[in-house]
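coords_7.cif follows (mmCIF, C-alpha atoms):
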data_my_file
#
loop_
_atom_site.label_atom_id
_atom_site.label_comp_id
_atom_site.auth_asym_id
_atom_site.auth_seq_id
_atom_site.Cartn_x
_atom_site.Cartn_y
_atom_site.Cartn_z
CA MET A 1 75.38 67.15 99.90
CA GLU A 2 74.63 70.72 98.97
CA ILE A 3 76.23 73.45 101.06
CA PRO A 4 73.41 75.41 102.73
CA TYR A 5 72.97 79.18 102.75
CA THR A 6 75.27 80.03 99.86
CA ILE A 7 72.54 82.15 98.29
CA SER A 8 69.68 82.47 100.71
CA THR A 9 70.23 83.96 104.16
CA ARG A 10 70.16 82.09 107.45
CA PRO A 11 67.07 82.99 109.44
CA ASP A 12 69.02 83.53 112.68
CA THR A 13 71.87 85.71 111.36
CA GLY A 14 70.16 87.27 108.36
CA LEU A 15 73.34 86.57 106.38
CA TRP A 16 74.52 83.94 103.92
CA ASN A 17 77.39 81.89 105.29
CA ALA A 18 80.27 83.08 103.10
CA LYS A 19 79.60 86.65 104.15
CA ILE A 20 80.06 85.78 107.82
CA GLY A 21 83.15 83.79 106.84
CA ILE A 22 84.81 86.64 104.95
CA TRP A 23 84.14 89.14 107.75
CA LEU A 24 85.67 86.81 110.32
CA PHE A 25 88.66 86.40 107.99
CA LEU A 26 88.94 90.18 107.57
CA ALA A 27 88.81 90.55 111.36
CA SER A 28 91.90 88.31 111.58
CA GLU A 29 93.50 90.37 108.80
CA VAL A 30 92.89 93.55 110.79
CA MET A 31 94.79 91.94 113.67
CA LEU A 32 97.64 90.91 111.34
CA PHE A 33 98.13 94.36 109.80
CA GLY A 34 97.29 96.01 113.14
CA GLY A 35 100.25 94.22 114.74
CA LEU A 36 102.57 95.40 111.99
CA PHE A 37 101.29 98.97 112.10
CA SER A 38 101.69 99.08 115.89
CA ALA A 39 105.30 97.91 115.44
CA TYR A 40 105.79 100.63 112.81
CA VAL A 41 104.38 103.35 115.08
CA PHE A 42 106.59 102.50 118.03
CA LEU A 43 109.73 101.88 115.95
CA ARG A 44 109.23 105.32 114.51
CA LEU A 45 108.55 107.02 117.83
CA ASP A 46 111.64 105.38 119.26
CA ALA A 47 113.97 106.31 116.38
CA GLN A 48 116.94 108.50 117.32
CA PRO A 49 117.27 111.94 115.65
CA GLY A 50 118.25 111.53 111.99
CA GLU A 51 117.65 107.79 111.96
CA TRP A 52 114.15 107.82 110.43
CA PRO A 53 114.57 108.68 106.74
CA HIS A 54 112.22 110.99 104.86
CA GLY A 55 111.61 111.43 101.16
CA LEU A 56 113.31 108.24 99.97
CA LEU A 57 110.31 106.86 98.09
CA ASN A 58 108.99 108.00 94.74
CA VAL A 59 105.82 109.98 95.57
CA PRO A 60 104.36 110.29 92.02
CA VAL A 61 104.69 106.52 91.53
CA GLY A 62 103.14 105.85 94.95
CA THR A 63 100.30 108.27 94.15
CA MET A 64 99.71 106.53 90.83
CA ASN A 65 99.59 103.11 92.52
CA THR A 66 97.12 104.48 95.11
CA ALA A 67 94.89 105.79 92.31
CA ILE A 68 95.11 102.41 90.53
CA LEU A 69 93.98 100.56 93.68
CA ILE A 70 91.10 103.00 94.21
CA MET A 71 89.99 102.55 90.58
CA SER A 72 90.14 98.77 91.02
CA SER A 73 87.90 99.06 94.09
CA VAL A 74 85.39 100.96 91.94
CA THR A 75 85.54 98.44 89.10
CA VAL A 76 85.06 95.44 91.39
CA VAL A 77 81.97 96.97 93.02
CA LEU A 78 80.68 97.82 89.53
CA ALA A 79 81.29 94.19 88.48
CA TRP A 80 79.16 93.06 91.41
CA ALA A 81 76.43 95.60 90.60
CA ALA A 82 76.47 94.43 86.95
CA LEU A 83 75.80 90.86 88.14
CA LYS A 84 72.98 92.12 90.34
CA MET A 85 71.48 93.70 87.20
CA ARG A 86 72.13 90.46 85.28
CA ARG A 87 74.52 92.09 82.84
CA TYR A 88 77.20 89.42 82.46
CA ARG A 89 79.07 91.15 79.61
CA ALA A 90 79.53 94.31 81.71
CA TYR A 91 80.61 92.14 84.66
CA TRP A 92 83.26 90.48 82.48
CA TRP A 93 84.75 93.83 81.41
CA TYR A 94 84.72 95.31 84.91
CA MET A 95 86.40 92.19 86.25
CA LEU A 96 89.05 92.39 83.51
CA ALA A 97 89.67 96.03 84.45
CA THR A 98 90.08 95.02 88.11
CA ILE A 99 92.56 92.30 87.20
CA MET A 100 94.54 94.74 85.02
CA CYS A 101 94.68 97.29 87.85
CA GLY A 102 96.00 94.63 90.25
CA VAL A 103 98.60 93.45 87.75
CA ILE A 104 99.81 97.01 87.05
CA PHE A 105 100.07 97.69 90.79
CA LEU A 106 102.20 94.57 91.30
CA PHE A 107 104.29 95.25 88.20
CA VAL A 108 105.17 98.76 89.40
CA LYS A 109 106.06 97.44 92.85
CA LEU A 110 108.09 94.40 91.81
CA TYR A 111 109.80 95.63 88.64
CA TYR A 112 110.29 99.30 89.40
CA GLU A 113 110.02 100.33 93.06
CA TRP A 114 111.62 97.41 94.87
CA PRO A 115 114.62 96.69 92.57
CA GLN A 116 115.59 100.38 92.59
CA LYS A 117 116.07 100.19 96.36
CA PHE A 118 118.65 97.42 96.15
CA GLU A 119 120.86 99.50 93.84
CA HIS A 120 120.78 102.59 96.05
CA TYR A 121 123.23 102.89 98.94
CA GLY A 122 123.33 104.82 102.18
CA ILE A 123 126.61 105.45 104.02
CA PHE A 124 126.23 106.15 107.74
CA ILE A 125 129.07 108.36 108.98
CA LYS A 126 130.60 107.77 112.42
CA PRO A 127 129.29 110.39 114.90
CA GLY A 128 132.80 111.70 115.66
CA VAL A 129 133.66 112.62 112.04
CA LEU A 130 130.40 114.13 110.81
CA GLU A 131 132.08 117.56 110.61
CA LYS A 132 134.56 116.20 108.03
CA TYR A 133 131.65 115.68 105.61
CA GLU A 134 129.87 118.94 106.43
CA GLN A 135 129.95 119.99 102.74
CA TYR A 136 127.60 117.08 101.98
CA LEU A 137 125.56 117.02 105.21
CA GLY A 138 124.95 120.72 105.98
CA ASN A 139 124.45 119.95 109.66
CA ASN A 140 125.70 123.32 110.98
CA ARG A 141 122.78 125.08 109.36
CA ARG A 142 120.36 122.32 110.36
CA THR A 143 121.44 122.60 114.01
CA GLU A 144 120.90 126.37 113.88
CA LYS A 145 117.41 125.81 112.50
CA GLY A 146 116.60 123.17 115.12
CA MET A 147 116.32 120.39 112.54
CA GLU A 148 117.39 116.75 112.91
CA PRO A 149 121.03 116.17 111.83
CA ARG A 150 121.91 114.18 108.73
CA ILE A 151 124.01 111.15 109.59
CA GLU A 152 123.84 109.37 106.23
CA ILE A 153 125.04 110.19 102.72
CA SER A 154 123.15 108.33 100.00
CA GLY A 155 123.36 107.78 96.26
CA HIS A 156 124.65 105.39 93.62
CA LEU A 157 127.74 103.43 94.67
CA HIS A 158 130.29 103.72 91.84
CA ASN A 159 132.77 101.21 93.24
CA PRO A 160 130.70 98.32 94.65
CA GLU A 161 133.89 96.23 94.71
CA ALA A 162 134.89 98.36 97.72
CA LEU A 163 132.26 96.54 99.75
CA LYS A 164 134.37 93.36 99.72
CA ASP A 165 137.90 94.47 98.89
CA PRO A 166 139.75 95.61 102.07
CA ASN A 167 142.53 97.15 99.93
CA ILE A 168 140.15 99.79 98.62
CA LYS A 169 140.19 102.50 101.26
CA GLU A 170 137.23 104.65 100.21
CA TYR A 171 133.75 104.49 98.78
CA GLU A 172 132.90 106.52 95.68
CA ILE A 173 129.28 107.48 95.67
CA GLY A 174 127.27 109.45 93.07
CA LEU A 175 125.39 111.76 95.41
CA ASP A 176 121.65 112.15 95.67
CA PRO A 177 120.79 115.81 94.81
CA VAL A 178 120.15 116.77 98.44
CA PHE A 179 123.81 116.08 99.35
CA VAL A 180 125.16 118.16 96.46
CA ASP A 181 123.45 121.28 97.82
CA PRO A 182 122.71 120.44 101.48
CA ASN A 183 122.33 124.05 102.66
CA ASN A 184 119.66 124.92 100.10
CA PRO A 185 116.42 125.52 102.08
CA SER A 186 114.46 123.76 99.32
CA ASN A 187 116.21 120.54 100.39
CA ASP A 188 114.94 120.80 103.97
CA ARG A 189 111.78 118.94 103.01
CA PRO A 190 111.33 116.04 100.57
CA HIS A 191 110.53 116.95 96.96
CA PHE A 192 107.45 115.72 95.12
CA LEU A 193 109.32 114.71 91.97
CA TYR A 194 111.95 112.01 92.32
CA ALA A 195 115.46 113.08 91.30
CA PRO A 196 117.99 110.32 90.53
CA PRO A 197 121.57 110.36 91.88
CA THR A 198 123.81 112.98 90.29
CA ASP A 199 127.23 112.65 88.62
CA HIS A 200 128.75 114.52 91.57
CA ILE A 201 130.95 111.85 93.19
CA ALA A 202 131.93 112.03 96.85
CA LYS A 203 134.82 110.00 98.22
CA ILE A 204 134.20 108.71 101.71
CA GLU A 205 136.96 107.02 103.64
CA LYS A 206 136.07 103.60 104.98
CA GLU A 207 137.47 104.34 108.39
CA ASP A 208 134.90 107.16 108.74
CA VAL A 209 132.01 104.85 107.93
CA ASP A 210 129.84 103.44 110.66
CA ARG A 211 128.08 101.16 108.17
CA ILE A 212 127.05 101.03 104.51
CA ASP A 213 123.90 99.36 103.26
CA SER A 214 121.69 99.32 100.22
CA PHE A 215 118.09 100.44 100.74
CA GLY A 216 117.02 96.86 101.55
CA PRO A 217 115.21 95.71 104.70
CA TRP A 218 118.61 95.60 106.49
CA HIS A 219 119.16 99.35 105.98
CA SER A 220 116.96 100.63 108.82
CA ALA A 221 113.80 100.06 110.85
CA TYR A 222 112.08 102.23 108.23
CA PHE A 223 112.96 99.96 105.30
CA ALA A 224 112.39 96.81 107.38
CA SER A 225 108.85 98.06 108.08
CA TYR A 226 108.42 99.19 104.46
CA PHE A 227 109.38 95.85 102.91
CA THR A 228 107.43 93.80 105.49
CA ILE A 229 104.19 95.76 105.20
CA THR A 230 104.28 96.42 101.44
CA GLY A 231 105.44 92.82 100.86
CA LEU A 232 102.54 91.40 102.85
CA HIS A 233 100.19 93.84 101.17
CA GLY A 234 101.57 92.83 97.76
CA ALA A 235 100.95 89.17 98.60
CA HIS A 236 97.33 90.08 99.30
CA VAL A 237 97.07 91.91 95.98
CA LEU A 238 98.48 88.83 94.21
CA ALA A 239 95.99 86.54 95.99
CA GLY A 240 93.12 88.85 95.03
CA VAL A 241 94.22 88.97 91.39
CA LEU A 242 94.43 85.14 91.21
CA VAL A 243 90.91 84.78 92.64
CA PHE A 244 89.58 87.43 90.26
CA ILE A 245 91.16 85.62 87.30
CA TYR A 246 89.29 82.48 88.37
CA MET A 247 86.07 84.50 88.63
CA TRP A 248 86.69 85.90 85.14
CA LEU A 249 87.35 82.59 83.39
CA PRO A 250 84.55 80.65 81.58
CA VAL A 251 83.81 78.75 84.80
CA SER A 252 82.09 81.92 86.04
CA LYS A 253 79.88 81.96 82.95
CA ARG A 254 78.70 78.45 83.72
CA LEU A 255 77.93 79.39 87.32
CA TYR A 256 76.13 82.51 86.10
CA GLN A 257 73.93 80.45 83.77
CA ARG A 258 73.17 78.00 86.58
CA ASN A 259 72.56 80.56 89.33
CA PRO A 260 73.55 84.22 88.79
CA GLU A 261 72.93 85.18 92.42
CA HIS A 262 75.48 82.57 93.55
CA LEU A 263 78.15 84.18 91.35
CA ALA A 264 77.12 87.66 92.59
CA ASN A 265 77.60 86.50 96.18
CA ARG A 266 81.04 85.06 95.39
CA VAL A 267 82.07 88.30 93.74
CA GLU A 268 80.79 90.26 96.75
CA VAL A 269 82.94 88.16 99.10
CA CYS A 270 86.06 88.60 96.95
CA GLY A 271 85.20 92.28 96.57
CA LEU A 272 85.12 92.71 100.35
CA PHE A 273 88.63 91.23 100.53
CA TRP A 274 89.79 93.55 97.74
CA HIS A 275 88.34 96.64 99.42
CA PHE A 276 90.17 95.68 102.60
CA VAL A 277 93.43 95.50 100.61
CA ASP A 278 92.67 98.98 99.27
CA LEU A 279 91.85 100.19 102.77
CA VAL A 280 95.23 99.00 104.12
CA TRP A 281 97.03 100.81 101.29
CA ILE A 282 95.18 104.04 102.14
CA PHE A 283 97.20 104.07 105.40
CA VAL A 284 100.43 102.61 103.98
CA PHE A 285 100.76 105.32 101.32
CA PRO A 286 100.94 108.42 103.56
CA LEU A 287 102.88 106.68 106.34
CA PHE A 288 105.72 105.48 104.13
CA TYR A 289 105.70 107.81 101.13
CA LEU A 290 104.69 111.18 102.52
CA LEU A 291 105.45 111.55 106.21
CA MET B 292 73.77 103.94 101.40
CA ASN B 293 71.92 100.64 101.67
CA ASN B 294 72.74 97.49 99.78
CA PRO B 295 70.72 97.05 96.61
CA PRO B 296 67.82 94.73 97.48
CA ASP B 297 67.80 91.13 96.28
CA ILE B 298 66.64 90.78 92.72
CA SER B 299 63.01 89.93 92.09
CA GLN B 300 62.11 86.75 90.22
CA ASP B 301 59.20 88.60 88.66
CA PRO B 302 60.30 89.96 85.23
CA ALA B 303 57.93 92.90 85.61
CA GLU B 304 59.76 94.04 88.74
CA HIS B 305 63.20 93.42 87.26
CA GLU B 306 63.38 96.67 85.34
CA GLU B 307 62.59 98.69 88.45
CA TYR B 308 65.19 96.69 90.35
CA ALA B 309 67.86 97.40 87.72
CA HIS B 310 66.96 101.09 87.96
CA ASN B 311 67.51 100.97 91.75
CA VAL B 312 70.90 99.30 91.38
CA GLN B 313 71.83 101.92 88.79
CA LYS B 314 71.32 104.57 91.48
CA HIS B 315 73.83 102.74 93.69
CA VAL B 316 76.27 102.62 90.78
CA ARG B 317 76.20 106.42 90.59
CA GLY B 318 77.01 106.48 94.31
CA TYR B 319 79.97 104.13 93.84
CA LEU B 320 81.36 106.32 91.04
CA THR B 321 80.96 109.44 93.17
CA VAL B 322 82.79 107.82 96.09
CA GLY B 323 85.55 106.61 93.73
CA ALA B 324 86.01 110.17 92.44
CA LEU B 325 86.07 111.51 96.02
CA LEU B 326 88.72 108.96 97.01
CA LEU B 327 90.91 110.03 94.07
CA ALA B 328 90.43 113.69 95.03
CA PHE B 329 91.31 112.98 98.66
CA THR B 330 94.46 111.15 97.52
CA GLY B 331 95.53 114.34 95.75
CA ILE B 332 94.65 116.35 98.88
CA THR B 333 96.72 113.98 101.07
CA VAL B 334 99.75 114.46 98.82
CA ALA B 335 99.28 118.26 98.70
CA LEU B 336 98.85 118.54 102.49
CA SER B 337 102.06 116.60 103.10
CA TYR B 338 103.97 119.54 101.54
CA VAL B 339 102.25 122.07 103.83
CA ASP B 340 104.12 122.78 107.05
CA PHE B 341 101.69 122.49 109.96
CA GLY B 342 104.37 123.46 112.48
CA THR B 343 105.53 120.07 113.68
CA ARG B 344 105.92 116.70 112.03
CA LYS B 345 103.41 115.28 114.52
CA ALA B 346 100.82 117.80 113.30
CA ASN B 347 101.48 116.78 109.67
CA ILE B 348 101.09 113.11 110.61
CA GLY B 349 97.83 113.91 112.43
CA VAL B 350 96.37 115.71 109.41
CA ALA B 351 97.41 112.94 106.99
CA MET B 352 95.94 110.24 109.25
CA LEU B 353 92.71 112.23 109.53
CA VAL B 354 92.33 112.32 105.74
CA ALA B 355 93.32 108.62 105.48
CA THR B 356 90.70 107.70 108.12
CA LEU B 357 88.08 109.65 106.18
CA LYS B 358 89.01 107.77 102.99
CA ALA B 359 89.03 104.42 104.79
CA GLY B 360 85.61 105.26 106.26
CA MET B 361 84.22 105.88 102.77
CA VAL B 362 85.60 102.58 101.47
CA ALA B 363 84.20 100.69 104.48
CA ALA B 364 80.81 102.42 104.55
CA ILE B 365 80.02 102.48 100.83
CA PHE B 366 82.12 99.91 98.98
CA MET B 367 82.02 97.35 101.81
CA HIS B 368 78.39 98.23 102.58
CA LEU B 369 79.04 98.76 106.28
CA ALA B 370 76.69 101.76 106.28
CA ALA B 371 73.81 99.28 106.33
CA GLU B 372 74.94 95.84 107.39
CA LYS B 373 73.51 93.16 109.65
CA ARG B 374 74.05 93.40 113.41
CA LEU B 375 76.27 90.30 113.55
CA ILE B 376 78.89 91.96 111.30
CA TYR B 377 78.98 95.03 113.55
CA ARG B 378 79.47 92.81 116.59
CA VAL B 379 82.41 91.05 114.93
CA LEU B 380 83.95 94.42 114.08
CA ILE B 381 83.48 95.84 117.58
CA PHE B 382 85.38 92.87 118.99
CA THR B 383 88.05 93.35 116.31
CA GLY B 384 88.45 97.02 117.18
CA PHE B 385 88.77 96.19 120.86
CA PHE B 386 91.50 93.59 120.25
CA VAL B 387 93.42 95.83 117.84
CA LEU B 388 93.51 98.56 120.48
CA ALA B 389 94.68 95.94 123.00
CA LEU B 390 97.42 94.95 120.53
CA PHE B 391 98.61 98.57 120.23
CA TRP B 392 98.53 98.84 124.01
CA LEU B 393 100.72 95.72 124.37
CA THR B 394 103.28 97.21 122.00
CA TYR B 395 103.10 100.46 123.96
CA LEU B 396 103.96 98.50 127.13
CA ALA B 397 107.28 97.58 125.49
CA TRP B 398 108.30 101.19 126.13
CA TYR B 399 108.34 100.44 129.82
CA ASN B 400 110.52 97.36 129.42
CA PRO B 401 113.40 98.10 131.85
CA VAL B 402 115.75 95.69 130.02
CA VAL B 403 116.13 97.70 126.83
CA ARG B 404 115.26 101.24 127.97
#

As structure tokens, what does this structure read like?
Amino acid sequence: MEIPYTISTRPDTGLWNAKIGIWLFLASEVMLFGGLFSAYVFLRLDAQPGEWPHGLLNVPVGTMNTAILIMSSVTVVLAWAALKMRRYRAYWWYMLATIMCGVIFLFVKLYYEWPQKFEHYGIFIKPGVLEKYEQYLGNNRRTEKGMEPRIEISGHLHNPEALKDPNIKEYEIGLDPVFVDPNNPSNDRPHFLYAPPTDHIAKIEKEDVDRIDSFGPWHSAYFASYFTITGLHGAHVLAGVLVFIYMWLPVSKRLYQRNPEHLANRVEVCGLFWHFVDLVWIFVFPLFYLL
Amino acid sequence: MNNPPDISQDPAEHEEYAHNVQKHVRGYLTVGALLLAFTGITVALSYVDFGTRKANIGVAMLVATLKAGMVAAIFMHLAAEKRLIYRVLIFTGFFVLALFWLTYLAWYNPVVR
């Protein structure tokens, strides 16, 4: 039995069925991401002073990934328009460009951004001994200026064995640049260019440490939100790329030869999903990378 | 911007149709360029001090909403869509706001606050 209204529109709705289907699916997706964003908003509003980190993500890389997703949104709509104009060759190239953009986005996220976080450590100092580490924290000046205090010293952990060995009494951490010169006004706000940890090693006694964690989801509500939302978003990008690969394979050519409008409609449905993924990232990028 | 009309089966009308779609393509490229420009503006504005962090967040969300509006209106063709789609989205918007409101109620939970 042939599925009705895959190409022609239903007289009552004025739409072909898959289009209604994808919009209902996107409505459920709005609820899914909406729930996560609402959790993010209220976790952030409820964070105690100094507990919501700023400037920990690589802004140029995030900007590049945003641009890549925007370009992929353009190429997928151009692929659809090419099919509407019955230019299959152009469609094929635009679809390839979309797939490449999706793959690059995922590659940057999975092989560069995420792994870096698990090798970076933050040491939360007990509230009573913050003054002892004033040379790294610069809180006296921050209090004078009415800024949130720093309660964490971050960088590259030089003696990871200290995490498990109780006989080692202190952590040795290669400081992030901000903790080398904490009273420099230029360090009051996050920098655009990412600067790796320095060779300046600070020794922090274990008994002064409230807790030590890598920048994984367990580090803070910020990173828990970051990994949940970007992870779910990444899963959507992966799903989109897999569908686009299917649409790009020779099977699409056969469908095009049989009924080009049917392929155009399929591409439009997938394109709507892809634009939604782009739309979500438009909010993720400033919330996590910039603010 | 409206959707390009359905293609004509008449070969004589096809060329005109392709010309019409080509006009839409120019629109898509323009919107793509605007989105890239607004991404740069979002990044630049985040380094401008608007007085409070809340003000900075407000400005960034305003630009992000503008960008999202362009994607929805032009790329997703919501500028000229059928009524049924709008109805679905109105319901969605209502329930998302209700979801945010439910989370907001957690603030008044006497057990944890």

TODO: For the structure shown, which residues end up in the PyMOL selection byres ((chain B) within 8 of (chain A))? Put them as a count of residues only, please?
DONE: 42

Open item on the list: To one decimal place in Å, what is the distance between atom CA of Phe179 of chain A and atom CA of Leu137 of chain A?
Closed with: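 According to the coordinates, atom CA of Phe179 of chain A and atom CA of Leu137 of chain A are separated by 6.2 Å.
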
Open item on the list: Under the rule that only C-alpha atoms are counted, which of A:Val243, A:Asp213, A:Lys109, A:Leu175 is the nearest residue to Pro160 of chain A?
Closed with: A:Asp213

- [ ] Measure the distance from atom CA of Arg89 of chain A to atom CA of Leu263 of chain A in Å and round it to one decimal.
- [x] 13.7 Å

Task: Distance in Å - atom CA of Glu134 of chain A versus atom CA of Ala162 of chain A - done: 22.9 Å

Output check: residues returned by the PyMOL selection byres ((chain A and resi 220) around 12), as a PDB file with C-alpha atoms, in the frame of the given file:
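Generated output (selection.pdb):
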ATOM      1  CA  TYR A  40     105.790 100.630 112.810  1.00  0.00           C
ATOM      2  CA  LEU A  43     109.730 101.880 115.950  1.00  0.00           C
ATOM      3  CA  ARG A  44     109.230 105.320 114.510  1.00  0.00           C
ATOM      4  CA  ALA A  47     113.970 106.310 116.380  1.00  0.00           C
ATOM      5  CA  GLN A  48     116.940 108.500 117.320  1.00  0.00           C
ATOM      6  CA  GLY A  50     118.250 111.530 111.990  1.00  0.00           C
ATOM      7  CA  GLU A  51     117.650 107.790 111.960  1.00  0.00           C
ATOM      8  CA  TRP A  52     114.150 107.820 110.430  1.00  0.00           C
ATOM      9  CA  PRO A  53     114.570 108.680 106.740  1.00  0.00           C
ATOM     10  CA  TYR A 121     123.230 102.890  98.940  1.00  0.00           C
ATOM     11  CA  GLY A 122     123.330 104.820 102.180  1.00  0.00           C
ATOM     12  CA  ILE A 123     126.610 105.450 104.020  1.00  0.00           C
ATOM     13  CA  PHE A 124     126.230 106.150 107.740  1.00  0.00           C
ATOM     14  CA  GLU A 152     123.840 109.370 106.230  1.00  0.00           C
ATOM     15  CA  ARG A 211     128.080 101.160 108.170  1.00  0.00           C
ATOM     16  CA  ILE A 212     127.050 101.030 104.510  1.00  0.00           C
ATOM     17  CA  ASP A 213     123.900  99.360 103.260  1.00  0.00           C
ATOM     18  CA  SER A 214     121.690  99.320 100.220  1.00  0.00           C
ATOM     19  CA  PHE A 215     118.090 100.440 100.740  1.00  0.00           C
ATOM     20  CA  GLY A 216     117.020  96.860 101.550  1.00  0.00           C
ATOM     21  CA  PRO A 217     115.210  95.710 104.700  1.00  0.00           C
ATOM     22  CA  TRP A 218     118.610  95.600 106.490  1.00  0.00           C
ATOM     23  CA  HIS A 219     119.160  99.350 105.980  1.00  0.00           C
ATOM     24  CA  ALA A 221     113.800 100.060 110.850  1.00  0.00           C
ATOM     25  CA  TYR A 222     112.080 102.230 108.230  1.00  0.00           C
ATOM     26  CA  PHE A 223     112.960  99.960 105.300  1.00  0.00           C
ATOM     27  CA  ALA A 224     112.390  96.810 107.380  1.00  0.00           C
ATOM     28  CA  SER A 225     108.850  98.060 108.080  1.00  0.00           C
ATOM     29  CA  TYR A 226     108.420  99.190 104.460  1.00  0.00           C
ATOM     30  CA  PHE A 227     109.380  95.850 102.910  1.00  0.00           C
TER      31      PHE A 227
END

Please, could all heavy atoms be added to segment 201-207 of chain A and the result written as a short mmCIF file (atom, residue, chain, number, x, y, z; two decimals), in the coordinates of the input?
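Printed below is out.cif as written:
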data_model
loop_
_atom_site.label_atom_id
_atom_site.label_comp_id
_atom_site.auth_asym_id
_atom_site.auth_seq_id
_atom_site.Cartn_x
_atom_site.Cartn_y
_atom_site.Cartn_z
N ILE A 201 130.47 113.00 92.40
CA ILE A 201 130.95 111.85 93.19
C ILE A 201 131.68 112.32 94.45
O ILE A 201 132.57 113.17 94.39
CB ILE A 201 131.88 110.97 92.33
CG1 ILE A 201 131.06 110.34 91.20
CG2 ILE A 201 132.54 109.88 93.18
CD1 ILE A 201 131.85 109.54 90.22
N ALA A 202 131.25 111.75 95.56
CA ALA A 202 131.93 112.03 96.85
C ALA A 202 132.77 110.82 97.22
O ALA A 202 132.36 109.67 96.99
CB ALA A 202 130.89 112.29 97.93
N LYS A 203 133.97 111.10 97.76
CA LYS A 203 134.82 110.00 98.22
C LYS A 203 134.77 109.96 99.73
O LYS A 203 135.09 110.96 100.39
CB LYS A 203 136.25 110.20 97.72
CG LYS A 203 136.35 110.06 96.21
CD LYS A 203 137.76 110.16 95.70
CE LYS A 203 137.78 109.93 94.19
NZ LYS A 203 139.12 110.04 93.62
N ILE A 204 134.36 108.83 100.26
CA ILE A 204 134.20 108.71 101.71
C ILE A 204 135.11 107.60 102.23
O ILE A 204 135.01 106.44 101.77
CB ILE A 204 132.72 108.43 102.05
CG1 ILE A 204 131.88 109.62 101.59
CG2 ILE A 204 132.55 108.18 103.54
CD1 ILE A 204 130.41 109.40 101.60
N GLU A 205 135.99 107.99 103.13
CA GLU A 205 136.96 107.02 103.64
C GLU A 205 136.27 105.95 104.48
O GLU A 205 135.41 106.25 105.30
CB GLU A 205 138.02 107.74 104.47
CG GLU A 205 138.94 108.61 103.63
CD GLU A 205 139.93 109.39 104.48
OE1 GLU A 205 140.39 108.83 105.50
OE2 GLU A 205 140.21 110.54 104.15
N LYS A 206 136.71 104.71 104.28
CA LYS A 206 136.07 103.60 104.98
C LYS A 206 136.17 103.72 106.49
O LYS A 206 135.25 103.34 107.21
CB LYS A 206 136.70 102.27 104.53
CG LYS A 206 136.14 101.73 103.24
CD LYS A 206 136.73 100.35 102.97
CE LYS A 206 136.09 99.70 101.77
NZ LYS A 206 136.69 98.39 101.47
N GLU A 207 137.29 104.27 106.94
CA GLU A 207 137.47 104.34 108.39
C GLU A 207 136.52 105.35 109.04
O GLU A 207 136.35 105.35 110.25
CB GLU A 207 138.93 104.69 108.75
CG GLU A 207 139.39 106.03 108.20
CD GLU A 207 140.83 106.32 108.59
OE1 GLU A 207 141.56 105.36 108.86
OE2 GLU A 207 141.20 107.51 108.60
#
